[in-house]
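> Quick one: the structure is below, questions incoming.
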Amino acid sequence: MGFDLAFFWSLLPDIFRGSLTTLFAAAVGATGAILFGLVLAFGRRSGRIGKLVCATFTEIIRLSPFLAQLYFLYFVLPVWGVVLSATTVGIVTLSVHFGAFLGEVFGAGIDAVPAGQIEVAKALGLKRLQIGRLVVFPQILRFVAAPTANYMISLLKTTPYLAVVGVPELLGVAFDKASDTFRYVEPLTAAGILFLVYSIAIGNLARLVERRLRPL
Amino acid sequence: MLQGIGVTLTVTVCSLAVAFPFALVFGLLEFRLTGLPRTLITLFIDFWRSSSVIILLFFFFYVGPAFNVFLSAYTIGAAVIGCNIGAYGSQALRAALQSIGQGQVDAALSLGLSRRRSLLLVELPQALRKVVPIAGNEMIEIVKTTANVSLIGLADVTARAKTAMQVSYQPAQIYTALLLIYVAICLPIALATHWLARHARVRER
């Protein structure tokens with residue numbers, strides 16, 4: 001069969017358009033994951049029931065594959081009367097899956113700020129909000145920057161799974177092209193290369209952020 | 001569905017058999033080499049780390065035959081998952097090796113150990129202890145990643161769950177069971193890792 005270069009070039013525009021869906025899903029999913037992670041991190045630190053619920057939930061998510069979770073939400077939500085588009089289900093799964101991991105990171109970040117500092121800030125006459133904004137938050141941010149960046153990279157690398165439930169992202173478009181023409185080599189090569197470019201770019205961006213926010 | 005667990009475990013064990021040697025060899029090489037050879041090793045590791053497992057699986061599954069390379073889905077699954085997770089592991093091992101104090105190396109050399117023996121007898125054992133928790137996490141990661149092989153035609157638990165769904169439309173029960181099966185496989189590994197990590201911790205002085 002070999003490699004048809006002309007066919008390869010002709011595929012690029014469509015696959016690039018598909019990759020925009022990938023980036024969109026990754027961006028929304030990342031935002032959702034950070035918010036959900038914060039909920040879990042604070043939930044785990046508020047009362048016994050909150051702790052039990054959040055901890056059990058976190059462990060189930062962390063110990064089962066993304067694909068199984070995606071299938072779960074995709075097939076089970078409609079049974080419960082929640083009908084969402086494949087893209088929405090995909091973004092929700094990304095948020096839930098990575099939210100569970102980020103919740104642990106944020107939790108560790110919160111615990112890493114010594115209680116003494118808050119007492120000192122109080123003694124110096126700072127208000128509660130000021131303590132949060134000026135003392136606690138900057139330190140948490142520095143602490144969680146590197147691991148969060150790593151999870152963002154794996155989040156991007158997880159988006160191709162959405163193709164499995166029919167989201168027309170990078171890999172989904174590549175497969176559409178492949179089944180139209182019965183040529184798998186060129187679409188999959190294009191998808192692979194484009195994806196490698198994206199993840200290397202995000203990886204470098206993450207390294208930049210990490211360097212700026214290195215823990216003191 | 002339960003029959004699929006066998007396939008999942010087989011792929012897990014095969015991937016482990018690829019991942020551990022990969023991490024050990026490339027972690028050591030990246031630690032010891034310098035200059036161009038090191039850059040090449042880093043590029044190779046980064047290739048496996050930067051790509052998505054699902055894309056690599058499809059790539060080797062569909063592109064191989066086009067160039068007359070016919071590999072079984074088992075082989076492709078184990079190789080891709082093993083190299084991907086192994087690449088992550090190699091970084092952990094390299095970081096652990098780098099974290100060992102220069103004093104240890106100096107002491108080993110001044111006691112007359114060669115550079116290689118110092119690496120094998122002094123640095124590596126300490127580094128391996130340090131990576132125990134990471135290795136445990138990577139093992140769990142491998143179990144979870146094997147769900148992907150359902151997409152290239154292997155009848156693992158995930159694939160069987162999908163078939164079961166098509167036979168009897170009961171997604172809630174089937175997919176809850178699927179999630180719980182994975183938790184049941186991974187939880188013992190997580191607990192064992194916790195226990196081992198506590199006992200293997202390097203005593204800092």
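Letters A, B, ... mark the chains of the structure tokens in the order given; residue numbers begin at 1 per chain; ligand numbers begin at 1, in order shown.
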Could you tell me which residues of chain B sit within 6 Å of chain A when counting only C-alpha atoms, and give me the result as a ChimeraX atom specification?

/B:51-52,59,63,66,144,171-172,175,179,182-183,186

> To one decimal in Å, tell me the separation between atom CA of Ile110 of chain A and atom CA of Lys127 of chain A.

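The value is 18.7 Å.
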
> Taking 6 positions as the minimum chain separation for residues in the same chain, which residues sit within 7 Å of segment 116-119 of chain B when counting only C-alpha atoms? Answer as a PyMOL selection string.

chain B and resi 105+108-109

> Have a look at A:Leu5, A:Ala206, A:Val113, A:Leu11 and name the one nearest to Asp176 of chain A; count only C-alpha atoms.

A:Leu11

> Using atom CA of Phe36 of chain A and atom CA of Leu102 of chain A as the two end points, give the distance in Å to one decimal.

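Atom CA of Phe36 of chain A sits 8.3 Å away from atom CA of Leu102 of chain A.
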
> What is the distance between atom CA of Ala149 of chain A and atom CA of Ala87 of chain B, in Å to one decimal?

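Computing it gives 18.2 Å between the two atoms.
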
> Identify, on the basis of only C-alpha atoms, every residue whose closest approach to Glu169 of chain A does not exceed 7 Å; exclude the query and any residue fewer than 2 positions from it along the same chain; express the result as an MDAnalysis selection string.

chainID A and resid 18:19 21:22 163 167 171:173

> Name all residues at most 8 Å from segment 127-141 of chain B (count only C-alpha atoms; drop same-chain ones fewer than 3 positions away) and give them as a PDB file with C-alpha atoms, in the first residue's frame.


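Generated file (selection-v1.pdb):
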```
ATOM      1  CA  LEU A  63      -8.653   3.412  40.115  1.00  0.00           C
TER       2      LEU A  63
ATOM      3  CA  LEU B  16       4.647  -4.774  32.740  1.00  0.00           C
ATOM      4  CA  ILE B  85       4.305   3.780  30.830  1.00  0.00           C
ATOM      5  CA  GLY B  89       8.909   5.296  34.695  1.00  0.00           C
ATOM      6  CA  ALA B  92      11.060   8.769  37.659  1.00  0.00           C
ATOM      7  CA  LEU B  93      14.141   6.558  37.889  1.00  0.00           C
ATOM      8  CA  ALA B  96      15.596   9.435  41.724  1.00  0.00           C
ATOM      9  CA  LEU B  97      19.171   8.740  40.588  1.00  0.00           C
ATOM     10  CA  ILE B 100      21.122  10.863  45.372  1.00  0.00           C
ATOM     11  CA  GLU B 123      23.130   4.547  43.600  1.00  0.00           C
ATOM     12  CA  LEU B 124      20.701   2.179  41.896  1.00  0.00           C
ATOM     13  CA  LYS B 144      -6.263   1.170  33.449  1.00  0.00           C
ATOM     14  CA  THR B 145      -4.573   1.707  30.109  1.00  0.00           C
ATOM     15  CA  CYS B 186      -6.328  -1.758  41.270  1.00  0.00           C
ATOM     16  CA  ILE B 189      -2.079  -2.789  44.077  1.00  0.00           C
ATOM     17  CA  ALA B 190      -2.652   0.641  45.620  1.00  0.00           C
ATOM     18  CA  THR B 193       2.197   0.040  47.201  1.00  0.00           C
ATOM     19  CA  HIS B 194       1.324   2.092  50.287  1.00  0.00           C
ATOM     20  CA  LEU B 196       5.735  -1.323  50.504  1.00  0.00           C
ATOM     21  CA  ALA B 197       6.495   2.380  50.236  1.00  0.00           C
ATOM     22  CA  ALA B 200      11.143   0.683  51.635  1.00  0.00           C
ATOM     23  CA  ARG B 201      11.562   4.348  52.510  1.00  0.00           C
ATOM     24  CA  VAL B 202      15.194   5.361  52.472  1.00  0.00           C
TER      25      VAL B 202
END
```

> With distances taken over only C-alpha atoms, which residue among B:Ala177, B:Ala161, B:Val18, B:Cys83 lies nearest Asp46 of chain B?

B:Cys83

> Rank nothing, just name the residue among B:Leu2, B:Ile55, B:Leu24, B:Ile45 nearest to Ala190 of chain A, using only C-alpha atoms.

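Comparing B:Leu2, B:Ile55, B:Leu24, B:Ile45 against Ala190 of chain A, the winner is B:Ile55.
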
> Identify, on the basis of only C-alpha atoms, every residue whose closest approach to Gln91 of chain B does not exceed 9 Å; exclude the query and any residue fewer than 6 positions from it along the same chain; express the result as an MDAnalysis selection string.

chainID B and resid 23 26:27 30 45

> Need the shell around Met1 of chain B: protein/DNA/RNA residues with any atom at most 6 Å away, counting only C-alpha atoms. Skip same-chain ones fewer than 3 positions apart. Format as number ranges by chain?

B: 4, 157, 160-161

> Generate the output file for the selected residues, N, CA, C and O atoms, as an mmCIF file, in the first residue's frame.


```cif
data_model
loop_
_atom_site.group_PDB
_atom_site.id
_atom_site.type_symbol
_atom_site.label_atom_id
_atom_site.label_comp_id
_atom_site.auth_asym_id
_atom_site.auth_seq_id
_atom_site.Cartn_x
_atom_site.Cartn_y
_atom_site.Cartn_z
ATOM 1 N N GLY B 4 -13.372 -11.712 30.466
ATOM 2 C CA GLY B 4 -12.513 -10.648 29.963
ATOM 3 C C GLY B 4 -11.404 -10.279 30.929
ATOM 4 O O GLY B 4 -10.366 -9.751 30.511
ATOM 5 N N VAL B 157 -12.143 -6.930 29.565
ATOM 6 C CA VAL B 157 -13.387 -6.659 30.309
ATOM 7 C C VAL B 157 -14.198 -5.546 29.664
ATOM 8 O O VAL B 157 -15.425 -5.641 29.584
ATOM 9 N N ARG B 160 -15.936 -6.761 26.607
ATOM 10 C CA ARG B 160 -17.031 -7.677 26.964
ATOM 11 C C ARG B 160 -18.214 -6.919 27.543
ATOM 12 O O ARG B 160 -19.362 -7.312 27.340
ATOM 13 N N ALA B 161 -17.914 -5.852 28.286
ATOM 14 C CA ALA B 161 -18.999 -5.041 28.833
ATOM 15 C C ALA B 161 -19.822 -4.458 27.690
ATOM 16 O O ALA B 161 -21.053 -4.432 27.728
#
```

> Nearest residue to His97 of chain A out of A:Phe137, A:Phe143, A:Phe182, A:Tyr151, using only C-alpha atoms?

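Of A:Phe137, A:Phe143, A:Phe182, A:Tyr151, the one nearest His97 of chain A is A:Tyr151, counting only C-alpha atoms.
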